[in-house]
Structure formats: structure tokens, C-alpha cells
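Below is model04.cif, which holds mmCIF, C-alpha atoms.
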```cif
data_target
loop_
_atom_site.label_atom_id
_atom_site.label_comp_id
_atom_site.auth_asym_id
_atom_site.auth_seq_id
_atom_site.Cartn_x
_atom_site.Cartn_y
_atom_site.Cartn_z
CA MET D 1 -47.79 37.39 49.35
CA LYS D 2 -47.64 35.85 45.90
CA ILE D 3 -49.67 32.78 44.93
CA THR D 4 -49.13 30.99 41.63
CA VAL D 5 -51.49 28.53 39.95
CA ILE D 6 -49.85 26.10 37.51
CA GLY D 7 -52.62 24.99 35.19
CA GLY D 8 -54.45 28.31 35.32
CA GLY D 9 -56.10 27.71 31.95
CA GLY D 10 -58.32 24.96 33.32
CA VAL D 11 -62.11 25.02 33.17
CA ARG D 12 -62.32 25.55 36.95
CA SER D 13 -59.97 28.54 36.99
CA MET D 14 -62.77 30.92 37.94
CA PHE D 15 -63.39 28.96 41.15
CA LEU D 16 -59.75 29.35 42.11
CA ALA D 17 -59.79 33.04 41.28
CA LYS D 18 -62.91 33.57 43.39
CA SER D 19 -61.38 31.81 46.42
CA LEU D 20 -58.12 33.72 46.16
CA ALA D 21 -59.74 37.10 45.56
CA GLN D 22 -62.22 36.77 48.42
CA SER D 23 -59.41 35.92 50.85
CA SER D 24 -56.82 38.33 49.45
CA LYS D 25 -57.21 41.19 51.95
CA GLU D 26 -57.55 38.93 54.97
CA LEU D 27 -54.44 36.91 54.10
CA GLY D 28 -52.37 39.69 52.56
CA ILE D 29 -52.30 38.23 49.06
CA THR D 30 -50.92 40.96 46.82
CA GLU D 31 -50.19 39.05 43.60
CA VAL D 32 -51.76 36.08 41.86
CA VAL D 33 -50.34 34.49 38.71
CA PHE D 34 -52.19 31.94 36.58
CA MET D 35 -49.79 30.04 34.32
CA ASP D 36 -50.65 27.52 31.60
CA ASN D 37 -48.71 26.17 28.62
CA ASP D 38 -51.94 26.02 26.60
CA GLU D 39 -52.25 29.62 25.43
CA LYS D 40 -55.69 29.12 23.91
CA LYS D 41 -57.20 27.85 27.16
CA LEU D 42 -55.39 30.50 29.19
CA ASN D 43 -56.83 33.20 26.93
CA ILE D 44 -60.34 31.91 27.63
CA PHE D 45 -60.55 30.50 31.15
CA GLY D 46 -57.60 32.46 32.51
CA ARG D 47 -59.08 35.72 31.27
CA MET D 48 -62.47 34.79 32.76
CA ALA D 49 -60.70 34.13 36.06
CA ALA D 50 -59.07 37.55 35.79
CA GLN D 51 -62.50 39.16 35.41
CA VAL D 52 -63.74 37.40 38.55
CA SER D 53 -60.71 38.65 40.46
CA LYS D 54 -61.17 42.19 39.14
CA ARG D 55 -64.78 42.33 40.33
CA LEU D 56 -64.00 40.96 43.78
CA ALA D 57 -60.60 42.49 44.50
CA PRO D 58 -59.76 45.25 42.00
CA ASP D 59 -56.52 46.10 43.84
CA LEU D 60 -55.18 42.55 43.63
CA ARG D 61 -52.45 42.16 40.99
CA PHE D 62 -53.67 39.32 38.76
CA LEU D 63 -51.44 38.14 35.91
CA LEU D 64 -51.58 35.51 33.16
CA THR D 65 -48.48 33.92 31.64
CA THR D 66 -47.20 30.93 29.71
CA ASP D 67 -43.71 31.31 31.23
CA PRO D 68 -43.34 28.86 34.17
CA ALA D 69 -40.10 30.40 35.52
CA ASP D 70 -41.67 33.85 35.62
CA ALA D 71 -44.82 32.40 37.19
CA VAL D 72 -43.05 30.79 40.16
CA LYS D 73 -40.53 33.59 40.71
CA ASP D 74 -40.76 34.68 44.38
CA ALA D 75 -43.99 32.72 44.85
CA ASP D 76 -44.85 31.93 48.46
CA TYR D 77 -47.42 29.29 47.58
CA ILE D 78 -48.02 27.32 44.39
CA ILE D 79 -51.10 25.30 43.43
CA THR D 80 -50.60 22.70 40.69
CA THR D 81 -53.59 21.46 38.72
CA ILE D 82 -52.37 20.24 35.34
CA ARG D 83 -53.53 17.70 32.75
CA VAL D 84 -50.58 16.62 30.66
CA GLY D 85 -51.81 15.36 27.30
CA GLY D 86 -55.25 16.91 27.67
CA ASP D 87 -58.63 15.20 27.48
CA GLU D 88 -57.68 13.00 24.53
CA MET D 89 -54.93 11.25 26.50
CA ARG D 90 -57.35 10.69 29.38
CA ILE D 91 -59.71 8.95 26.97
CA ARG D 92 -56.92 6.69 25.71
CA ASP D 93 -55.98 5.82 29.31
CA GLU D 94 -59.56 4.88 30.15
CA ARG D 95 -60.26 2.95 26.95
CA ALA D 96 -57.05 0.89 27.22
CA ALA D 97 -58.25 -0.44 30.58
CA LEU D 98 -61.92 -0.87 29.61
CA ASP D 99 -60.96 -2.89 26.54
CA LYS D 100 -59.56 -5.47 28.99
CA GLY D 101 -62.57 -5.35 31.31
CA ILE D 102 -60.71 -3.21 33.86
CA LEU D 103 -62.06 -0.04 35.43
CA GLY D 104 -60.51 2.91 33.61
CA GLN D 105 -61.14 5.64 36.20
CA GLU D 106 -58.26 8.12 36.09
CA THR D 107 -57.45 8.26 39.81
CA THR D 108 -58.79 5.15 41.49
CA GLY D 109 -58.61 2.85 38.49
CA ALA D 110 -55.70 1.51 36.47
CA ALA D 111 -55.79 4.52 34.13
CA GLY D 112 -54.37 6.57 36.99
CA PHE D 113 -50.97 4.97 36.52
CA SER D 114 -50.89 6.04 32.89
CA PHE D 115 -51.85 9.57 33.90
CA ALA D 116 -49.05 9.54 36.48
CA MET D 117 -46.53 8.57 33.78
CA ARG D 118 -47.19 12.03 32.32
CA SER D 119 -48.00 14.01 35.47
CA VAL D 120 -44.98 13.16 37.61
CA PRO D 121 -42.20 14.22 35.18
CA ALA D 122 -44.00 17.50 34.47
CA LEU D 123 -44.59 18.24 38.15
CA ALA D 124 -40.97 17.40 39.00
CA GLN D 125 -39.88 20.08 36.52
CA TYR D 126 -42.14 22.62 38.21
CA CYS D 127 -40.77 21.59 41.62
CA GLU D 128 -37.23 22.17 40.35
CA LEU D 129 -38.22 25.61 39.05
CA ALA D 130 -39.75 26.37 42.43
CA LYS D 131 -36.53 25.39 44.20
CA LYS D 132 -34.62 27.71 41.89
CA TYR D 133 -36.90 30.74 41.60
CA ALA D 134 -39.65 30.66 44.26
CA SER D 135 -39.47 31.82 47.86
CA PRO D 136 -37.09 29.69 49.96
CA HIS D 137 -40.09 28.76 52.13
CA VAL D 138 -42.42 27.92 49.25
CA LYS D 139 -45.17 25.35 49.75
CA ILE D 140 -46.71 23.51 46.80
CA PHE D 141 -50.28 22.21 47.02
CA ASN D 142 -50.82 19.51 44.40
CA PHE D 143 -54.29 18.87 43.05
CA THR D 144 -53.05 17.07 39.93
CA ASN D 145 -54.34 13.52 39.61
CA PRO D 146 -53.81 10.78 40.48
CA ALA D 147 -53.12 12.74 43.67
CA GLY D 148 -52.23 9.69 45.77
CA VAL D 149 -49.55 8.34 43.43
CA VAL D 150 -48.34 11.83 42.55
CA SER D 151 -48.02 12.94 46.18
CA GLN D 152 -46.17 9.75 47.14
CA THR D 153 -43.77 10.00 44.21
CA LEU D 154 -42.97 13.69 44.67
CA ARG D 155 -42.21 13.09 48.35
CA ASP D 156 -40.06 10.07 47.46
CA MET D 157 -38.16 12.32 45.04
CA GLY D 158 -37.29 14.64 47.93
CA TYR D 159 -39.83 17.41 47.30
CA ASP D 160 -40.89 17.64 50.94
CA PHE D 161 -42.47 21.06 50.39
CA THR D 162 -45.35 19.42 48.48
CA TYR D 163 -48.74 18.57 49.94
CA GLY D 164 -51.54 16.67 48.27
CA ILE D 165 -54.95 18.30 48.51
CA CYS D 166 -58.44 17.14 47.62
CA ASP D 167 -61.80 18.79 48.13
CA ALA D 168 -63.79 15.54 48.43
CA PRO D 169 -63.41 15.10 52.24
CA SER D 170 -64.04 18.77 53.06
CA GLY D 171 -66.87 18.84 50.54
CA PHE D 172 -68.51 15.91 52.29
CA LEU D 173 -68.29 17.64 55.67
CA HIS D 174 -69.86 20.73 54.09
CA SER D 175 -72.77 18.60 52.82
CA VAL D 176 -73.26 17.16 56.33
CA ALA D 177 -73.35 20.70 57.73
CA LYS D 178 -76.03 21.54 55.18
CA LEU D 179 -78.12 18.55 56.31
CA TYR D 180 -78.12 19.97 59.82
CA GLY D 181 -78.57 23.58 58.74
CA ALA D 182 -75.28 24.37 60.46
CA ALA D 183 -72.35 26.61 59.60
CA GLN D 184 -69.43 24.71 58.06
CA ASP D 185 -67.11 25.37 61.00
CA ARG D 186 -69.50 23.60 63.39
CA VAL D 187 -68.90 20.22 61.73
CA SER D 188 -65.60 18.34 62.05
CA GLY D 189 -64.45 14.84 61.23
CA GLU D 190 -61.70 12.30 61.68
CA CYS D 191 -60.67 11.11 58.22
CA TYR D 192 -58.10 8.42 57.42
CA GLY D 193 -56.92 6.39 54.44
CA LEU D 194 -55.51 7.38 51.07
CA ASN D 195 -56.52 9.96 48.49
CA HIS D 196 -59.88 8.91 46.98
CA LEU D 197 -59.83 5.97 49.38
CA SER D 198 -60.63 7.39 52.79
CA PHE D 199 -63.09 6.82 55.61
CA PHE D 200 -64.62 9.08 58.25
CA SER D 201 -64.51 7.24 61.57
CA SER D 202 -66.04 10.20 63.39
CA ILE D 203 -68.15 13.22 62.50
CA LYS D 204 -69.04 15.76 65.16
CA LEU D 205 -71.48 18.67 65.31
CA ASP D 206 -70.51 21.27 67.90
CA GLY D 207 -68.15 18.68 69.39
CA LYS D 208 -70.87 16.01 69.76
CA GLU D 209 -70.51 12.68 67.92
CA ILE D 210 -73.27 12.25 65.30
CA MET D 211 -71.99 9.31 63.20
CA PRO D 212 -74.52 6.70 64.47
CA GLU D 213 -77.53 8.93 63.82
CA LEU D 214 -76.05 10.19 60.56
CA LEU D 215 -75.74 6.67 59.13
CA LYS D 216 -79.43 6.10 59.89
CA ASP D 217 -80.53 9.40 58.31
CA PRO D 218 -82.10 8.68 54.86
CA ARG D 219 -81.02 12.14 53.66
CA LEU D 220 -77.38 11.00 53.85
CA TYR D 221 -78.09 8.63 50.94
CA THR D 222 -79.93 11.18 48.80
CA ASP D 223 -78.39 14.59 49.54
CA THR D 224 -74.66 13.82 49.90
CA ASP D 225 -72.03 11.82 48.03
CA MET D 226 -73.00 8.83 50.16
CA ARG D 227 -75.83 8.47 47.62
CA PHE D 228 -73.56 6.11 45.70
CA PHE D 229 -73.62 3.55 48.53
CA GLY D 230 -76.27 1.31 50.01
CA LYS D 231 -77.28 2.02 53.60
CA ASP D 232 -76.42 -1.59 54.45
CA LEU D 233 -72.78 -1.12 53.35
CA ALA D 234 -72.32 2.09 55.33
CA GLU D 235 -73.81 0.59 58.49
CA HIS D 236 -71.70 -2.54 58.02
CA PHE D 237 -68.54 -0.43 58.00
CA GLY D 238 -69.90 1.89 60.67
CA CYS D 239 -68.40 4.95 59.01
CA ALA D 240 -68.84 7.39 56.13
CA LEU D 241 -67.07 6.56 52.88
CA ASN D 242 -65.28 8.66 50.29
CA GLU D 243 -67.36 8.69 47.11
CA TYR D 244 -64.55 7.08 45.09
CA LEU D 245 -64.80 3.92 47.18
CA TYR D 246 -67.80 3.16 44.97
CA TYR D 247 -65.34 1.89 42.37
CA PHE D 248 -63.94 -0.69 44.79
CA PHE D 249 -67.13 -1.88 46.47
CA TYR D 250 -69.27 -1.92 43.31
CA ARG D 251 -66.49 -2.67 40.84
CA GLU D 252 -68.34 -4.94 38.39
CA GLU D 253 -71.37 -2.65 38.37
CA ALA D 254 -69.19 0.38 37.62
CA VAL D 255 -67.49 -1.34 34.69
CA GLN D 256 -70.77 -2.65 33.28
CA ASN D 257 -72.50 0.72 33.68
CA ILE D 258 -69.72 2.47 31.73
CA LEU D 259 -69.86 -0.17 28.99
CA ASN D 260 -73.65 0.15 28.83
CA ALA D 261 -73.38 3.93 28.57
CA LYS D 262 -70.91 3.52 25.67
CA VAL D 263 -69.12 6.68 26.79
CA THR D 264 -66.37 7.27 29.34
CA ARG D 265 -66.06 10.18 31.74
CA GLY D 266 -63.15 11.48 29.69
CA GLU D 267 -65.28 11.53 26.54
CA VAL D 268 -68.05 13.41 28.37
CA ILE D 269 -65.56 16.00 29.64
CA ARG D 270 -63.90 16.37 26.22
CA ASP D 271 -67.19 17.01 24.45
CA VAL D 272 -68.41 19.51 27.05
CA ASN D 273 -65.09 21.37 27.06
CA ARG D 274 -64.97 21.43 23.27
CA HIS D 275 -68.45 22.95 22.97
CA MET D 276 -67.75 25.48 25.70
CA MET D 277 -64.46 26.60 24.17
CA ASP D 278 -65.97 26.82 20.69
CA GLU D 279 -68.62 29.24 21.92
CA LEU D 280 -66.36 31.27 24.21
CA SER D 281 -63.49 31.62 21.75
CA GLY D 282 -65.50 33.99 19.57
CA MET D 283 -66.58 36.28 22.42
CA ASP D 284 -65.18 39.43 24.01
CA ILE D 285 -64.46 38.22 27.54
CA GLU D 286 -63.52 41.60 29.00
CA ASN D 287 -66.46 43.55 27.57
CA ASP D 288 -69.12 40.84 27.42
CA PHE D 289 -68.26 38.84 30.52
CA ASP D 290 -71.82 38.36 31.78
CA ASN D 291 -72.83 36.60 28.56
CA CYS D 292 -69.62 34.57 28.65
CA LEU D 293 -70.58 33.51 32.16
CA LYS D 294 -74.00 32.30 30.94
CA ILE D 295 -72.33 30.09 28.36
CA PHE D 296 -69.94 28.75 30.99
CA GLU D 297 -72.82 28.01 33.37
CA HIS D 298 -74.71 26.11 30.68
CA TRP D 299 -71.84 23.81 29.74
CA TYR D 300 -70.36 23.45 33.21
CA GLY D 301 -73.82 22.51 34.45
CA ARG D 302 -73.92 19.75 31.84
CA ARG D 303 -70.55 18.53 33.11
CA GLU D 304 -71.65 18.59 36.77
CA ASN D 305 -74.96 16.89 36.07
CA ALA D 306 -73.09 14.00 34.44
CA TYR D 307 -70.73 13.50 37.40
CA MET D 308 -70.52 9.75 38.15
CA ALA D 309 -73.86 9.29 36.35
CA ASN D 310 -72.63 6.81 33.74
CA GLU D 311 -70.47 4.97 36.27
CA THR D 312 -73.22 4.52 38.87
CA GLY D 313 -76.24 4.36 36.58
CA MET D 314 -77.80 7.07 38.75
CA GLN D 315 -79.35 10.27 37.46
CA GLY D 316 -77.14 13.29 38.08
CA LYS D 317 -78.25 16.64 39.46
CA THR D 318 -80.94 18.36 37.43
CA LYS D 319 -81.02 21.88 38.92
CA PRO D 320 -79.63 24.58 36.60
CA TYR D 321 -76.05 25.43 37.49
CA HIS D 322 -75.23 28.97 38.61
CA PHE D 323 -71.83 30.45 39.39
CA ASP D 324 -72.33 33.27 41.87
CA ILE D 325 -69.23 35.45 41.93
CA TYR D 326 -70.25 37.32 45.07
CA GLU D 327 -71.59 34.45 47.17
CA LYS D 328 -69.34 33.50 50.09
CA ASP D 329 -66.76 30.99 48.87
CA ALA D 330 -67.56 27.41 49.86
CA GLY D 331 -63.91 26.34 49.68
CA GLY D 332 -63.10 23.66 47.14
CA TYR D 333 -59.47 22.69 46.74
CA ALA D 334 -58.33 26.32 46.83
CA GLY D 335 -60.17 26.54 50.13
CA VAL D 336 -58.03 23.71 51.52
CA ALA D 337 -54.85 25.56 50.57
CA LEU D 338 -56.17 28.86 51.95
CA LYS D 339 -57.17 27.26 55.24
CA TYR D 340 -53.59 26.03 55.63
CA ILE D 341 -52.23 29.52 54.90
CA ARG D 342 -54.74 31.13 57.28
CA THR D 343 -53.84 28.70 60.08
CA ARG D 344 -50.11 29.33 59.70
CA GLN D 345 -50.62 33.08 59.72
CA GLN D 346 -52.86 33.15 62.75
CA GLY D 347 -50.76 30.69 64.72
CA ALA D 348 -53.90 29.15 66.21
CA GLU D 349 -54.40 25.40 66.40
CA SER D 350 -56.61 24.04 63.64
CA GLU D 351 -57.55 20.77 61.98
CA MET D 352 -57.72 19.98 58.28
CA ILE D 353 -57.48 17.00 55.94
CA LEU D 354 -54.32 16.71 53.83
CA CYS D 355 -52.21 14.11 52.02
CA VAL D 356 -49.03 13.96 54.11
CA PRO D 357 -46.45 11.40 55.31
CA ASN D 358 -48.05 8.98 57.77
CA GLN D 359 -45.64 9.51 60.67
CA GLY D 360 -47.29 6.67 62.58
CA ALA D 361 -50.83 8.05 62.30
CA ILE D 362 -52.32 4.97 60.63
CA PRO D 363 -51.03 1.75 62.23
CA GLY D 364 -49.66 -0.83 59.82
CA LEU D 365 -48.35 1.69 57.27
CA LEU D 366 -44.81 2.98 56.89
CA GLU D 367 -43.72 6.30 58.37
CA ASP D 368 -43.15 7.85 54.92
CA ASP D 369 -46.29 6.46 53.30
CA VAL D 370 -48.33 9.42 52.07
CA VAL D 371 -51.84 9.13 53.53
CA GLU D 372 -54.99 11.23 53.54
CA VAL D 373 -55.71 12.04 57.16
CA THR D 374 -57.03 14.70 59.50
CA CYS D 375 -54.06 16.75 60.72
CA THR D 376 -53.60 19.16 63.59
CA ILE D 377 -51.72 22.29 62.60
CA LYS D 378 -49.93 24.28 65.29
CA GLY D 379 -48.10 27.18 63.68
CA GLU D 380 -45.31 25.66 61.59
CA VAL D 381 -45.93 22.14 62.91
CA LEU D 382 -48.26 19.71 61.13
CA ILE D 383 -49.19 16.54 63.03
CA PRO D 384 -51.30 13.76 61.45
CA ASN D 385 -53.91 12.64 63.98
CA ARG D 386 -53.41 9.13 65.35
CA VAL D 387 -56.06 6.69 64.11
CA ASN D 388 -57.26 4.23 66.74
CA ASN D 389 -58.98 0.99 65.66
CA PRO D 390 -59.26 1.83 61.94
CA GLY D 391 -61.05 -1.44 61.12
CA ASP D 392 -59.79 -4.65 59.55
CA LEU D 393 -61.82 -4.35 56.35
CA GLN D 394 -60.76 -0.76 55.80
CA MET D 395 -57.09 -1.50 56.49
CA GLU D 396 -56.99 -4.49 54.15
CA LEU D 397 -57.96 -2.26 51.23
CA ILE D 398 -55.78 0.66 52.37
CA ARG D 399 -52.68 -1.56 52.67
CA ARG D 400 -53.23 -3.13 49.26
CA VAL D 401 -53.66 0.18 47.46
CA LYS D 402 -50.74 1.68 49.38
CA MET D 403 -48.56 -1.15 48.10
CA TYR D 404 -49.70 -0.24 44.58
CA GLU D 405 -48.79 3.42 45.20
CA ARG D 406 -45.36 2.54 46.58
CA LEU D 407 -44.58 0.32 43.59
CA ALA D 408 -45.97 2.95 41.22
CA SER D 409 -43.62 5.50 42.78
CA GLU D 410 -40.66 3.16 42.30
CA ALA D 411 -41.64 2.44 38.70
CA LEU D 412 -41.99 6.13 37.87
CA ARG D 413 -38.74 7.16 39.57
CA GLU D 414 -36.71 4.27 38.15
CA LYS D 415 -38.53 4.16 34.78
CA SER D 416 -38.95 0.45 35.36
CA THR D 417 -41.32 -1.60 33.22
CA ALA D 418 -41.01 -4.56 35.60
CA LYS D 419 -42.14 -2.49 38.57
CA ALA D 420 -44.95 -1.00 36.52
CA VAL D 421 -46.22 -4.54 35.98
CA ASP D 422 -45.84 -5.24 39.70
CA CYS D 423 -47.78 -2.15 40.75
CA LEU D 424 -50.68 -2.86 38.38
CA MET D 425 -50.67 -6.55 39.33
CA VAL D 426 -51.31 -5.78 43.02
CA HIS D 427 -53.88 -3.08 42.28
CA PRO D 428 -57.20 -4.49 43.56
CA LEU D 429 -59.01 -3.42 40.39
CA VAL D 430 -56.53 -5.29 38.16
CA ASN D 431 -55.37 -8.15 40.40
CA SER D 432 -53.79 -10.15 37.57
CA TYR D 433 -50.23 -10.55 36.34
CA SER D 434 -51.26 -11.28 32.75
CA LEU D 435 -53.56 -8.25 32.57
CA ALA D 436 -50.98 -6.04 34.29
CA LYS D 437 -48.35 -7.05 31.75
CA LYS D 438 -50.63 -6.30 28.79
CA LEU D 439 -51.77 -3.02 30.31
CA THR D 440 -48.21 -1.88 31.01
CA GLN D 441 -47.24 -2.43 27.39
CA GLU D 442 -50.36 -0.58 26.27
CA TYR D 443 -49.61 2.39 28.54
CA LEU D 444 -45.99 2.55 27.42
CA LYS D 445 -47.31 2.77 23.87
CA VAL D 446 -49.95 5.39 24.78
CA ASN D 447 -47.28 7.49 26.51
CA GLU D 448 -44.38 6.92 24.13
CA ALA D 449 -43.86 10.68 23.80
CA TYR D 450 -43.41 10.92 27.59
CA THR D 451 -41.57 7.70 28.51
CA LYS D 452 -38.11 8.01 27.00
CA GLY D 453 -35.59 6.04 29.04
CA TRP D 454 -38.01 3.42 30.35
CA GLN D 455 -36.57 -0.10 30.44
#
```
As C-alpha cells:
Amino acid sequence: MKITVIGGGGVRSMFLAKSLAQSSKELGITEVVFMDNDEKKLNIFGRMAAQVSKRLAPDLRFLLTTDPADAVKDADYIITTIRVGGDEMRIRDERAALDKGILGQETTGAAGFSFAMRSVPALAQYCELAKKYASPHVKIFNFTNPAGVVSQTLRDMGYDFTYGICDAPSGFLHSVAKLYGAAQDRVSGECYGLNHLSFFSSIKLDGKEIMPELLKDPRLYTDTDMRFFGKDLAEHFGCALNEYLYYFFYREEAVQNILNAKVTRGEVIRDVNRHMMDELSGMDIENDFDNCLKIFEHWYGRRENAYMANETGMQGKTKPYHFDIYEKDAGGYAGVALKYIRTRQQGAESEMILCVPNQGAIPGLLEDDVVEVTCTIKGEVLIPNRVNNPGDLQMELIRRVKMYERLASEALREKSTAKAVDCLMVHPLVNSYSLAKKLTQEYLKVNEAYTKGWQ
């Protein structure tokens, strides 16, 4: 089996390599290719990923390339995690929104549409290459943001072999398991909504419902990503919330906190990445890997400690960060993809959370609306679990954001400025025609190198 990672020069490449290498013998993975069009980053983070793979699975063929056609040739599975335009373009996306008092978060906020203006055309090219060169049965797992808009648009373009993946829901379930001192496979949940806008209506431990007691447990609000929410809000909804819902339910606080911090998430990431690359670029990765790893741990720890800190005004994690190559893999987004592969191979029934067409799972949405939902996988068949009584408050937000994603898909496919204005106008975090119009013009200007043909 061949697995290809498009965007293999990313900072988190070692995590992907660890997941793939640890599962390689069990799943029959014989070849892994990390591809990136940024040769400098590939020569740093891609080579570090190769060292991780070599230590864990020395017999696994692990290759680096800048050639996308060669990378996808005969691939059985492809993971896409790209950032078109790099960190600097992310910063411009965020600042364009913030300058108008609008949340500039790159997936949930208005900046996500600007990111999608670059992401979708690039991903469509990779999908076309996959159709031409990859295995006829290839599956593409997309982790590129904004995953909701991207997944919807790729499906609308006819790329029905693409699946959106996110590690936030599975990561939350893992944190619940940790609260109970339980193995990860003992905790399950019913998740529904959209990417970065989902709710857990049920969480079970060993098949027993624990949601009521979980919502009353003070550790939920200190030791998991529910720490961004007040206990009163969670109990009012009666369910667990995806961490990114913070931006909707505490919108004005998020915007003010970012303005007070005088630095955006994109600027934090850029500075951390720049320092890390400056130090690593002068080192011998193959022969001095352990010291390279120490530098990575230092700077990646800075990045993790700052996660949602400026946006929430809450202190981030303070424990030193450590990347343990040999520790059992906790999953992450590669873990989501590998669970799907494992389930298909074994033929056993399993549940997992994916971004897939609704197919009637969430009432009130269209059949082909891409949703984030718990699915039952039976061999080759993937069935989104039916959601009963999803809640009026939850559905009001889900429907509104889904309308934004549908219009965003139309705007991106048709290169329509008018529909871009429409999609931003209905976005709950913009909610204004005048602001949507100004923001659309700003994003067309920001992305002028990527938006030829827009009218």
C-alpha cells in the first residue's frame, strides 16, 4: 500500500510520519511519500519526518519529492494538508477582517473564505492528478482548511473520493477518556454539525451514557477543550461543544481579546516557524537528529502553549513540550485516516467522525450538504448516523453556516464576486451586506495572484 502526503513539508510532518510508521506493518503500508512544493521546508521538516520513520519502521520505503505527479502515482490513499500562500497570506486574511471589526479566524471566521480562494484551486489540481495517476480506488483525506468549505466545494466539483477529516472531535473524546483513566476505545460519542461547528449529543463510557455527569464535572472545564466555555452555557445546551464554537458564542470577546493582544494567531505561527526554521536550517538532520528534535520541541511547545490564548484571554499550557517518537500514537488527523483504512481492511463494523455528505443524517439539511457527523462504516459502506432531536439552537447556527458554505462553494466554482458577497453577508460573524461587500473586494485584492477569471 502506498500513502502520499501532499504538504509533507509542514511543521507537523513528524506527527504524520510517526502515525504512518507505527501502523505500517499492521496495515501493510509499504511506501510513504511526502510531497511539498516548498523545497526548503521539505528539506527540514520532511527530512525530520523521514528520520522518525526510519527509527520506527526501517523497512518502510519513505520518500521526499517536490513532484506532485510522481507523488500521487499509484497511491492508494492521499492526505492533503497544504497552506497556499504560506503564513504571510494567512496574516493578511486575518488582518483584513480585523480591520473591519470582524473575527479573522482562518476556518470559522471570515478569513476562511479568503483561504479557500487559494486552497480550492490548488486541491482541485491535486484531485485531477490523482484521477490521472493514482490508484483507481484512491481515497483523499483532506485536512486543508477551511475544511468545511473545502470539503463541500470539492464534493460539488465531483471529487466524491474526498473526505474531510479533523482531529478536534476525536481529540476531545481522547481527553474525556483521560479524565476517566480509560483506554481511548472505551469512549464513544455521537457528533453532529459542521467542521469546527459540531456538538456531541451523547458520550458513552463502556456503552453507558455519561453526558449528564460529564457536564457537571469541573475537570471538563479545566482539563479539556471545554475550558473555553462557561459551565452555564454547556448545561444550557445539554451537550459538549467543539472548541471552535467559542468564536460564535463569545464573538465580541474573541475580537476584543485579539485586538488587545495586538497579535493574530497567524503572526504567532509565522514568528515561531521562522525561528524554528532559522535554527534547524543550519543543522545536520540525519547525523544530529536528537539535537534537532530538542530545537523542534522548544519552538513547537511555544506554538502549542499559545493555542487560542490570545483569542480567549486564557493562559495556555505551561508544561514543557516533548515529542516522544516511541510512545504509542494518540491519533491526530493521520489517526482518523488510518482508522478508516483499518476498518475497511478488517471488514468489521466501526464508528468514526468524518466530514461527508449528509444523506439525511441531520434533519433540515440537504442530502449533499457536507456535514461533520459520526458515521458507521461497514466494509465499503459508510453510513452517517441519523441525528434525532438535534436542538433548535444548535440547528439555527448549523443551518446559517451551512448556507454560507453552500454559497462559498458556488462563488469558488463560478468565480463569482456577487456570490462571494452573498456568502460573507450570511456568515453569522459578518452578518452585513456593506461589510461583506468591502471584505470581498479586499480579499480579491489580497488574492489577485490566485483569482484570475473572477467576475
Item checked: Sel. within 12 Å of pt (-39.3, 1.1, 44.7), counting only C-alpha atoms, output as a PyMOL selection string -> chain D and resi 152-153+156-157+403-420+422-423
Item checked: Spatial neighbours of Lys231 of chain D, 12 Å, all atoms listed in the file, chain gap at least 5 places, as a ChimeraX atom specification -> /D:214-222,226,236-241
Next item on the list: Carefully work through the PyMOL selection byres ((chain D and resi 264) around 9) for this structure and note down the residues it includes, as a ChimeraX atom specification.
Entry: /D:91,94-95,104-105,258-259,261-263,265-269,310-311
Checklist line | Ground truth for the PyMOL selection byres ((chain D and resi 44) around 12), written as number ranges by chain | finding: D: 8-14, 36, 38-43, 45-51, 64, 273, 276-286, 289, 292-293, 296
Check: Gln22 of chain D: which residues within 9 Å, counting all atoms listed in the file, same-chain residues fewer than 6 positions away excluded, as a list of chain:residue names?
Finding: D:Ser53, D:Leu56, D:Ala57, D:Tyr326, D:Lys328, D:Asp329
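If you measure from each of D:Pro58, D:Val356, D:Thr108, D:Met314 to Asn242 of chain D using only C-alpha atoms, the closest one turns out to be D:Thr108.
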Note to self: Restricting the calculation to only C-alpha atoms: of D:Lys445, D:Lys339, D:Arg386, D:Arg274, which residue gets closest to Ser19 of chain D?
What the structure shows: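 Result for the nearest residue to Ser19 of chain D: D:Lys339.
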Note to self: What would the selection look like, as a VMD selection string, if the PyMOL selection byres ((chain D and resi 199) around 10) were run on the coordinates I just shared?
What the structure shows: chain D and resid 169 189 to 194 196 to 198 200 to 202 237 to 243 245 372 to 373 390 394
Margin query: I'd like to know which of D:Arg270, D:Ala71, D:Arg61, D:Tyr250 is closest to Gly230 of chain D, using all atoms listed in the file.
Written below: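 Selected residue with least distance to Gly230 of chain D: D:Tyr250.
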Note to self: Residues near Arg83 of chain D, anyone? I mean within 10 Å using only C-alpha atoms, not counting same-chain ones fewer than 6 positions away, as a ChimeraX atom specification.
What the structure shows: /D:7,10,89-90,115,118-119,122,144-145
Next, dump the selected residues to file, keeping only C-alpha atoms, as a compact mmCIF listing (two decimals), in the frame of the given file.
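So result31.txt came out as:
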```txt
# COMPACT_ATOMS: atom_id res chain seq x y z
CA GLY D 7 -52.62 24.99 35.19
CA GLY D 10 -58.32 24.96 33.32
CA MET D 89 -54.93 11.25 26.50
CA ARG D 90 -57.35 10.69 29.38
CA PHE D 115 -51.85 9.57 33.90
CA ARG D 118 -47.19 12.03 32.32
CA SER D 119 -48.00 14.01 35.47
CA ALA D 122 -44.00 17.50 34.47
CA THR D 144 -53.05 17.07 39.93
CA ASN D 145 -54.34 13.52 39.61
```
Notebook entry, point to check: Phe143 of chain D: which residues within 7 Å, counting all atoms listed in the file, same-chain residues fewer than 3 positions away excluded, as a list in words?
Noted result: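 Once the nearby chain positions are removed, what remains is Thr80, Thr81, Ala147, Gly164, Ile165 and Cys166 of chain D.
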Checklist line | D:Val255, D:Val33, D:Ala134, D:Ala110 ranked by distance to Asp67 of chain D, top pick (using only C-alpha atoms) | finding: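 Among D:Val255, D:Val33, D:Ala134, D:Ala110, it is D:Val33 that comes nearest to Asp67 of chain D.
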Check: Separation of atom CA of Arg186 of chain D and atom CA of Arg344 of chain D, in Å?
Finding: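 Distance reported for this atom pair: 20.6 Å.
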